[in-house]
$ cat protein-v9.cif   # mmCIF, N, CA and C atoms and all ligand atoms
data_upload
#
loop_
_atom_site.label_atom_id
_atom_site.label_comp_id
_atom_site.auth_asym_id
_atom_site.auth_seq_id
_atom_site.Cartn_x
_atom_site.Cartn_y
_atom_site.Cartn_z
N MET A 3 0.86 -1.19 0.00
CA MET A 3 0.00 0.00 0.00
C MET A 3 0.90 1.24 0.00
N ALA A 4 0.61 2.17 -0.89
CA ALA A 4 1.40 3.40 -0.99
C ALA A 4 1.18 4.27 0.24
N LYS A 5 2.25 4.94 0.66
CA LYS A 5 2.16 5.83 1.80
C LYS A 5 1.33 7.06 1.42
N MET A 6 0.37 7.43 2.29
CA MET A 6 -0.50 8.56 2.01
C MET A 6 0.06 9.84 2.63
N SER A 7 -0.08 10.94 1.93
CA SER A 7 0.31 12.23 2.49
C SER A 7 -0.77 12.68 3.48
N VAL A 8 -0.45 13.70 4.27
CA VAL A 8 -1.43 14.23 5.22
C VAL A 8 -2.66 14.74 4.47
N ASP A 9 -2.45 15.42 3.37
CA ASP A 9 -3.59 15.95 2.59
C ASP A 9 -4.46 14.81 2.06
N ASP A 10 -3.82 13.71 1.63
CA ASP A 10 -4.59 12.57 1.15
C ASP A 10 -5.44 11.99 2.29
N LYS A 11 -4.84 11.89 3.49
CA LYS A 11 -5.57 11.35 4.64
C LYS A 11 -6.73 12.26 5.01
N LEU A 12 -6.49 13.58 5.01
CA LEU A 12 -7.57 14.51 5.34
C LEU A 12 -8.70 14.41 4.32
N GLY A 13 -8.33 14.07 3.08
CA GLY A 13 -9.32 13.99 2.02
C GLY A 13 -10.29 12.84 2.16
N VAL A 14 -9.94 11.81 2.93
CA VAL A 14 -10.84 10.66 3.07
C VAL A 14 -11.65 10.70 4.38
N ILE A 15 -11.44 11.74 5.17
CA ILE A 15 -12.20 11.88 6.41
C ILE A 15 -13.65 12.21 6.08
N LYS A 16 -14.56 11.57 6.81
CA LYS A 16 -15.98 11.86 6.63
C LYS A 16 -16.50 12.53 7.91
N PHE A 17 -17.51 13.34 7.75
CA PHE A 17 -18.10 14.05 8.89
C PHE A 17 -19.61 13.85 8.90
N MET A 18 -20.16 13.69 10.08
CA MET A 18 -21.60 13.80 10.29
C MET A 18 -21.78 15.10 11.06
N THR A 19 -22.05 16.16 10.36
CA THR A 19 -22.08 17.49 10.97
C THR A 19 -23.40 17.74 11.67
N ASP A 20 -23.29 18.17 12.92
CA ASP A 20 -24.47 18.62 13.66
C ASP A 20 -24.74 20.05 13.22
N GLU A 21 -25.74 20.22 12.39
CA GLU A 21 -26.02 21.55 11.83
C GLU A 21 -26.79 22.44 12.79
N HIS A 22 -27.22 21.88 13.93
CA HIS A 22 -28.01 22.65 14.88
C HIS A 22 -27.21 23.14 16.08
N GLU A 23 -26.12 22.46 16.38
CA GLU A 23 -25.38 22.81 17.59
C GLU A 23 -23.89 22.61 17.39
N SER A 24 -23.11 23.62 17.73
CA SER A 24 -21.66 23.50 17.68
C SER A 24 -21.17 22.87 18.99
N HIS A 25 -20.24 21.94 18.90
CA HIS A 25 -19.69 21.32 20.10
C HIS A 25 -18.60 22.19 20.73
N ILE A 26 -18.24 23.28 20.04
CA ILE A 26 -17.26 24.23 20.56
C ILE A 26 -17.89 25.61 20.57
N GLU A 27 -17.80 26.27 21.72
CA GLU A 27 -18.35 27.62 21.83
C GLU A 27 -17.19 28.58 22.06
N ILE A 28 -17.14 29.63 21.26
CA ILE A 28 -16.06 30.60 21.41
C ILE A 28 -16.58 31.91 21.98
N ASN A 29 -15.66 32.70 22.49
CA ASN A 29 -15.98 34.03 22.95
C ASN A 29 -15.68 34.99 21.80
N GLU A 30 -16.74 35.39 21.10
CA GLU A 30 -16.55 36.25 19.92
C GLU A 30 -16.06 37.64 20.28
N ASP A 31 -16.17 38.01 21.53
CA ASP A 31 -15.73 39.33 21.96
C ASP A 31 -14.34 39.30 22.60
N TYR A 32 -13.66 38.19 22.46
CA TYR A 32 -12.33 38.06 23.05
C TYR A 32 -11.32 38.79 22.16
N HIS A 33 -10.46 39.59 22.77
CA HIS A 33 -9.57 40.43 21.96
C HIS A 33 -8.09 40.26 22.28
N ASP A 34 -7.71 39.19 22.96
CA ASP A 34 -6.30 38.94 23.21
C ASP A 34 -5.68 38.43 21.90
N GLU A 35 -5.06 39.34 21.17
CA GLU A 35 -4.59 38.99 19.83
C GLU A 35 -3.53 37.90 19.84
N ALA A 36 -2.75 37.82 20.90
CA ALA A 36 -1.73 36.76 20.97
C ALA A 36 -2.40 35.39 21.02
N GLU A 37 -3.44 35.27 21.86
CA GLU A 37 -4.13 33.99 21.94
C GLU A 37 -4.91 33.70 20.65
N ILE A 38 -5.56 34.71 20.12
CA ILE A 38 -6.30 34.52 18.88
C ILE A 38 -5.36 34.05 17.77
N HIS A 39 -4.19 34.62 17.71
CA HIS A 39 -3.20 34.20 16.70
C HIS A 39 -2.82 32.73 16.91
N ARG A 40 -2.68 32.32 18.18
CA ARG A 40 -2.35 30.91 18.46
C ARG A 40 -3.48 30.00 17.97
N LEU A 41 -4.73 30.39 18.21
CA LEU A 41 -5.87 29.56 17.77
C LEU A 41 -5.88 29.44 16.25
N VAL A 42 -5.71 30.57 15.59
CA VAL A 42 -5.75 30.56 14.12
C VAL A 42 -4.64 29.69 13.56
N MET A 43 -3.45 29.79 14.14
CA MET A 43 -2.31 29.05 13.63
C MET A 43 -2.34 27.57 14.02
N ALA A 44 -2.92 27.24 15.17
CA ALA A 44 -2.83 25.88 15.69
C ALA A 44 -3.89 24.93 15.14
N CYS A 45 -5.03 25.44 14.76
CA CYS A 45 -6.11 24.54 14.32
C CYS A 45 -5.71 23.89 12.99
N PRO A 46 -5.56 22.56 12.97
CA PRO A 46 -5.14 21.89 11.75
C PRO A 46 -6.18 21.94 10.64
N ALA A 47 -7.43 22.20 11.00
CA ALA A 47 -8.50 22.28 10.00
C ALA A 47 -8.77 23.72 9.57
N GLU A 48 -8.03 24.66 10.14
CA GLU A 48 -8.15 26.09 9.79
C GLU A 48 -9.58 26.59 9.98
N LEU A 49 -10.15 26.29 11.14
CA LEU A 49 -11.54 26.68 11.40
C LEU A 49 -11.67 28.02 12.10
N TYR A 50 -10.55 28.54 12.59
CA TYR A 50 -10.55 29.86 13.24
C TYR A 50 -10.05 30.90 12.26
N LYS A 51 -10.79 32.02 12.21
CA LYS A 51 -10.37 33.15 11.37
C LYS A 51 -10.43 34.40 12.23
N TYR A 52 -9.55 35.31 11.97
CA TYR A 52 -9.56 36.60 12.66
C TYR A 52 -9.69 37.66 11.58
N THR A 53 -10.89 38.23 11.50
CA THR A 53 -11.20 39.17 10.42
C THR A 53 -11.78 40.45 11.00
N ASP A 54 -11.22 41.58 10.60
CA ASP A 54 -11.72 42.89 11.05
C ASP A 54 -11.84 42.96 12.57
N GLY A 55 -10.85 42.42 13.26
CA GLY A 55 -10.83 42.48 14.72
C GLY A 55 -11.80 41.57 15.41
N LYS A 56 -12.33 40.57 14.68
CA LYS A 56 -13.32 39.66 15.28
C LYS A 56 -12.90 38.21 15.05
N LEU A 57 -13.00 37.42 16.12
CA LEU A 57 -12.71 36.00 16.04
C LEU A 57 -13.93 35.28 15.49
N ILE A 58 -13.72 34.49 14.43
CA ILE A 58 -14.81 33.77 13.78
C ILE A 58 -14.47 32.29 13.78
N PHE A 59 -15.46 31.46 14.06
CA PHE A 59 -15.23 30.02 14.13
C PHE A 59 -16.38 29.28 13.47
N ASN A 60 -16.05 28.21 12.75
CA ASN A 60 -17.05 27.34 12.14
C ASN A 60 -16.72 25.91 12.54
N HIS A 61 -17.63 25.24 13.23
CA HIS A 61 -17.32 23.91 13.77
C HIS A 61 -17.34 22.81 12.69
N GLU A 62 -17.89 23.10 11.51
CA GLU A 62 -17.96 22.08 10.47
C GLU A 62 -16.56 21.76 9.95
N GLY A 63 -16.17 20.50 10.02
CA GLY A 63 -14.83 20.10 9.61
C GLY A 63 -13.87 19.95 10.78
N CYS A 64 -14.38 20.06 11.99
CA CYS A 64 -13.52 19.91 13.17
C CYS A 64 -13.00 18.48 13.26
N LEU A 65 -11.70 18.35 13.52
CA LEU A 65 -11.05 17.04 13.62
C LEU A 65 -11.08 16.49 15.04
N GLU A 66 -11.67 17.25 15.98
CA GLU A 66 -11.80 16.85 17.39
C GLU A 66 -10.45 16.53 18.03
N CYS A 67 -9.44 17.26 17.63
CA CYS A 67 -8.10 17.01 18.19
C CYS A 67 -7.93 17.61 19.57
N GLY A 68 -8.72 18.64 19.91
CA GLY A 68 -8.65 19.26 21.24
C GLY A 68 -7.57 20.32 21.39
N THR A 69 -6.84 20.60 20.34
CA THR A 69 -5.76 21.58 20.43
C THR A 69 -6.26 22.95 20.88
N CYS A 70 -7.35 23.42 20.31
CA CYS A 70 -7.86 24.74 20.66
C CYS A 70 -8.28 24.79 22.13
N ARG A 71 -8.84 23.72 22.63
CA ARG A 71 -9.24 23.68 24.04
C ARG A 71 -8.03 23.80 24.95
N VAL A 72 -6.96 23.13 24.61
CA VAL A 72 -5.77 23.12 25.45
C VAL A 72 -5.07 24.48 25.43
N ILE A 73 -4.89 25.06 24.25
CA ILE A 73 -4.12 26.30 24.19
C ILE A 73 -4.93 27.52 24.61
N SER A 74 -6.26 27.41 24.60
CA SER A 74 -7.08 28.57 24.94
C SER A 74 -7.14 28.82 26.44
N GLY A 75 -7.12 27.78 27.22
CA GLY A 75 -7.22 27.96 28.67
C GLY A 75 -8.56 28.54 29.10
N GLY A 76 -9.62 28.25 28.33
CA GLY A 76 -10.97 28.66 28.72
C GLY A 76 -11.29 30.12 28.45
N LYS A 77 -10.48 30.80 27.66
CA LYS A 77 -10.75 32.22 27.40
C LYS A 77 -11.38 32.41 26.01
N GLY A 78 -10.60 32.26 24.96
CA GLY A 78 -11.15 32.40 23.61
C GLY A 78 -12.14 31.28 23.31
N VAL A 79 -11.83 30.07 23.76
CA VAL A 79 -12.73 28.93 23.64
C VAL A 79 -13.45 28.79 24.97
N LYS A 80 -14.75 29.10 24.99
CA LYS A 80 -15.50 29.08 26.25
C LYS A 80 -15.84 27.67 26.69
N SER A 81 -16.22 26.81 25.72
CA SER A 81 -16.54 25.42 26.08
C SER A 81 -16.19 24.50 24.91
N TRP A 82 -15.83 23.29 25.26
CA TRP A 82 -15.43 22.30 24.25
C TRP A 82 -15.94 20.95 24.73
N LYS A 83 -16.67 20.27 23.87
CA LYS A 83 -17.13 18.91 24.17
C LYS A 83 -17.16 18.14 22.87
N HIS A 84 -17.23 16.82 22.95
CA HIS A 84 -17.34 16.03 21.73
C HIS A 84 -18.75 16.21 21.16
N PRO A 85 -18.89 16.08 19.85
CA PRO A 85 -20.24 16.15 19.26
C PRO A 85 -21.13 15.05 19.80
N LYS A 86 -22.43 15.27 19.71
CA LYS A 86 -23.40 14.30 20.21
C LYS A 86 -23.39 13.00 19.41
N GLY A 87 -23.68 11.90 20.08
CA GLY A 87 -23.93 10.60 19.46
C GLY A 87 -23.00 10.27 18.32
N ALA A 88 -23.57 9.99 17.17
CA ALA A 88 -22.79 9.58 15.99
C ALA A 88 -22.32 10.77 15.17
N MET A 89 -22.45 11.97 15.71
CA MET A 89 -22.02 13.16 14.98
C MET A 89 -20.51 13.31 15.06
N GLY A 90 -19.98 14.14 14.16
CA GLY A 90 -18.56 14.48 14.22
C GLY A 90 -17.73 13.76 13.19
N VAL A 91 -16.45 13.68 13.47
CA VAL A 91 -15.48 13.16 12.51
C VAL A 91 -15.49 11.62 12.52
N GLU A 92 -15.23 11.06 11.34
CA GLU A 92 -15.14 9.60 11.20
C GLU A 92 -13.85 9.31 10.42
N TYR A 93 -12.84 8.83 11.16
CA TYR A 93 -11.53 8.59 10.54
C TYR A 93 -11.53 7.24 9.81
N HIS A 94 -10.83 7.20 8.68
CA HIS A 94 -10.73 5.97 7.92
C HIS A 94 -9.28 5.52 7.73
N GLN A 95 -8.33 6.44 7.84
CA GLN A 95 -6.92 6.13 7.62
C GLN A 95 -6.10 6.62 8.80
N GLY A 96 -5.83 5.77 9.75
CA GLY A 96 -4.96 6.07 10.87
C GLY A 96 -5.23 7.38 11.48
S1 LIG B 1 -10.57 20.58 18.09
FE1 LIG B 1 -8.83 20.70 16.67
S2 LIG B 1 -9.74 20.72 14.63
FE2 LIG B 1 -11.37 21.17 16.06
S3 LIG B 1 -11.48 23.39 16.14
FE3 LIG B 1 -10.13 22.75 17.81
S4 LIG B 1 -8.07 22.79 16.95
FE4 LIG B 1 -9.50 22.85 15.22
#
$ encode --input "protein-v9.cif" --output "structure tokens"
Amino acid sequence: MAKMSVDDKLGVIKFMTDEHESHIEINEDYHDEAEIHRLVMACPAELYKYTDGKLIFNHEGCLECGTCRVISGGKGVKSWKHPKGAMGVEYHQG
């Protein structure tokens, strides 16, 4: 079996997206630019954006790695939990 690149592996991930509820809640009024920069840079799925002085987040495509929860320390990321039931990411390749 040929070795897969990271992009190839990300390409085969499937998601059951909960369109009604995000499993991660952010503080949209948080303005610590150093922490916001860490969130934007650390998320492997690039789900955090900082635009016009506002932190924006979209939970669709979350890999559930927990990185944002760990580096935020409960400030920019107000709450983090796994998606409900069978929702969320479904890995197929390691
Ligand atoms: S859990 Fe991982 S993939 Fe999901 S938003 Fe946080 S850093 Fe990004």
$ closest_residue --input "protein-v9.cif" --among "A:Cys70, A:Leu12, A:Phe17, A:Pro85" --to "A:Tyr50" --atoms "only C-alpha atoms"
A:Cys70
$ residues_around --input "protein-v9.cif" --residues "stretch 45-48 of chain A" --least-positions-apart "3" --cutoff "10 Å" --atoms "only C-alpha atoms" --output "JSON, numbers by chain"
{"A": [12, 40, 41, 42, 51, 59, 60, 61, 62, 63, 64, 65, 66, 67, 68, 69, 70]}
$ write_last_selection --input "protein-v9.cif" --atoms "N, CA and C atoms" --output "PDB file, in the frame of the given file"
ATOM      1  N   LEU A  12      -6.490  13.580   5.010  1.00  0.00           N
ATOM      2  CA  LEU A  12      -7.570  14.510   5.340  1.00  0.00           C
ATOM      3  C   LEU A  12      -8.700  14.410   4.320  1.00  0.00           C
ATOM      4  N   ARG A  40      -2.680  32.320  18.180  1.00  0.00           N
ATOM      5  CA  ARG A  40      -2.350  30.910  18.460  1.00  0.00           C
ATOM      6  C   ARG A  40      -3.480  30.000  17.970  1.00  0.00           C
ATOM      7  N   LEU A  41      -4.730  30.390  18.210  1.00  0.00           N
ATOM      8  CA  LEU A  41      -5.870  29.560  17.770  1.00  0.00           C
ATOM      9  C   LEU A  41      -5.880  29.440  16.250  1.00  0.00           C
ATOM     10  N   VAL A  42      -5.710  30.570  15.590  1.00  0.00           N
ATOM     11  CA  VAL A  42      -5.750  30.560  14.120  1.00  0.00           C
ATOM     12  C   VAL A  42      -4.640  29.690  13.560  1.00  0.00           C
ATOM     13  N   LYS A  51     -10.790  32.020  12.210  1.00  0.00           N
ATOM     14  CA  LYS A  51     -10.370  33.150  11.370  1.00  0.00           C
ATOM     15  C   LYS A  51     -10.430  34.400  12.230  1.00  0.00           C
ATOM     16  N   PHE A  59     -15.460  31.460  14.060  1.00  0.00           N
ATOM     17  CA  PHE A  59     -15.230  30.020  14.130  1.00  0.00           C
ATOM     18  C   PHE A  59     -16.380  29.280  13.470  1.00  0.00           C
ATOM     19  N   ASN A  60     -16.050  28.210  12.750  1.00  0.00           N
ATOM     20  CA  ASN A  60     -17.050  27.340  12.140  1.00  0.00           C
ATOM     21  C   ASN A  60     -16.720  25.910  12.540  1.00  0.00           C
ATOM     22  N   HIS A  61     -17.630  25.240  13.230  1.00  0.00           N
ATOM     23  CA  HIS A  61     -17.320  23.910  13.770  1.00  0.00           C
ATOM     24  C   HIS A  61     -17.340  22.810  12.690  1.00  0.00           C
ATOM     25  N   GLU A  62     -17.890  23.100  11.510  1.00  0.00           N
ATOM     26  CA  GLU A  62     -17.960  22.080  10.470  1.00  0.00           C
ATOM     27  C   GLU A  62     -16.560  21.760   9.950  1.00  0.00           C
ATOM     28  N   GLY A  63     -16.170  20.500  10.020  1.00  0.00           N
ATOM     29  CA  GLY A  63     -14.830  20.100   9.610  1.00  0.00           C
ATOM     30  C   GLY A  63     -13.870  19.950  10.780  1.00  0.00           C
ATOM     31  N   CYS A  64     -14.380  20.060  11.990  1.00  0.00           N
ATOM     32  CA  CYS A  64     -13.520  19.910  13.170  1.00  0.00           C
ATOM     33  C   CYS A  64     -13.000  18.480  13.260  1.00  0.00           C
ATOM     34  N   LEU A  65     -11.700  18.350  13.520  1.00  0.00           N
ATOM     35  CA  LEU A  65     -11.050  17.040  13.620  1.00  0.00           C
ATOM     36  C   LEU A  65     -11.080  16.490  15.040  1.00  0.00           C
ATOM     37  N   GLU A  66     -11.670  17.250  15.980  1.00  0.00           N
ATOM     38  CA  GLU A  66     -11.800  16.850  17.390  1.00  0.00           C
ATOM     39  C   GLU A  66     -10.450  16.530  18.030  1.00  0.00           C
ATOM     40  N   CYS A  67      -9.440  17.260  17.630  1.00  0.00           N
ATOM     41  CA  CYS A  67      -8.100  17.010  18.190  1.00  0.00           C
ATOM     42  C   CYS A  67      -7.930  17.610  19.570  1.00  0.00           C
ATOM     43  N   GLY A  68      -8.720  18.640  19.910  1.00  0.00           N
ATOM     44  CA  GLY A  68      -8.650  19.260  21.240  1.00  0.00           C
ATOM     45  C   GLY A  68      -7.570  20.320  21.390  1.00  0.00           C
ATOM     46  N   THR A  69      -6.840  20.600  20.340  1.00  0.00           N
ATOM     47  CA  THR A  69      -5.760  21.580  20.430  1.00  0.00           C
ATOM     48  C   THR A  69      -6.260  22.950  20.880  1.00  0.00           C
ATOM     49  N   CYS A  70      -7.350  23.420  20.310  1.00  0.00           N
ATOM     50  CA  CYS A  70      -7.860  24.740  20.660  1.00  0.00           C
ATOM     51  C   CYS A  70      -8.280  24.790  22.130  1.00  0.00           C
TER      52      CYS A  70
END
$ select_by_dssp --input "protein-v9.cif" --residues "chain A" --states "strand (DSSP E)" --output "ChimeraX atom specification"
/A:16-18,26-28,50-53,56-59,79-82,90-92
$ atom_distance --input "protein-v9.cif" --atom1 "atom CA of A:Lys16" --atom2 "atom N of A:Met43"
23.1 Å
$ residues_around --input "protein-v9.cif" --residues "A:Tyr52" --least-positions-apart "3" --cutoff "9 Å" --atoms "only C-alpha atoms" --output "list of chain:residue names"
A:Ile38, A:His39, A:Val42, A:Gly55, A:Lys56, A:Leu57, A:Ile58, A:Phe59
$ axis_aligned_box --input "protein-v9.cif" --around "ligand LIG 1 (chain B)" --padding-each-side "6 Å" --output "lines of an AutoDock Vina configuration file"
center_x = -9.8
center_y = 22.0
center_z = 16.4
size_x = 15.4
size_y = 14.8
size_z = 15.5
$ closest_residue --input "protein-v9.cif" --among "A:Ile15, A:Asp20, A:Ala44, A:Ile73" --to "ligand LIG 1 (chain B)" --atoms "all atoms listed in the file"
A:Ala44
$ closest_residue --input "protein-v9.cif" --among "A:Arg71, A:Val14, A:Glu35, A:Asp54" --to "A:His84" --atoms "only C-alpha atoms"
A:Arg71
$ atom_distance --input "protein-v9.cif" --atom1 "atom C of A:Ser7" --atom2 "atom CA of A:Tyr93"
13.5 Å
$ atom_distance --input "protein-v9.cif" --atom1 "atom N of A:Glu30" --atom2 "atom N of A:Lys86"
21.0 Å
$ residues_around --input "protein-v9.cif" --residues "stretch 80-83 of chain A" --least-positions-apart "2" --cutoff "6.5 Å" --atoms "all atoms listed in the file" --output "number ranges by chain"
A: 25-29, 71, 76-78, 85
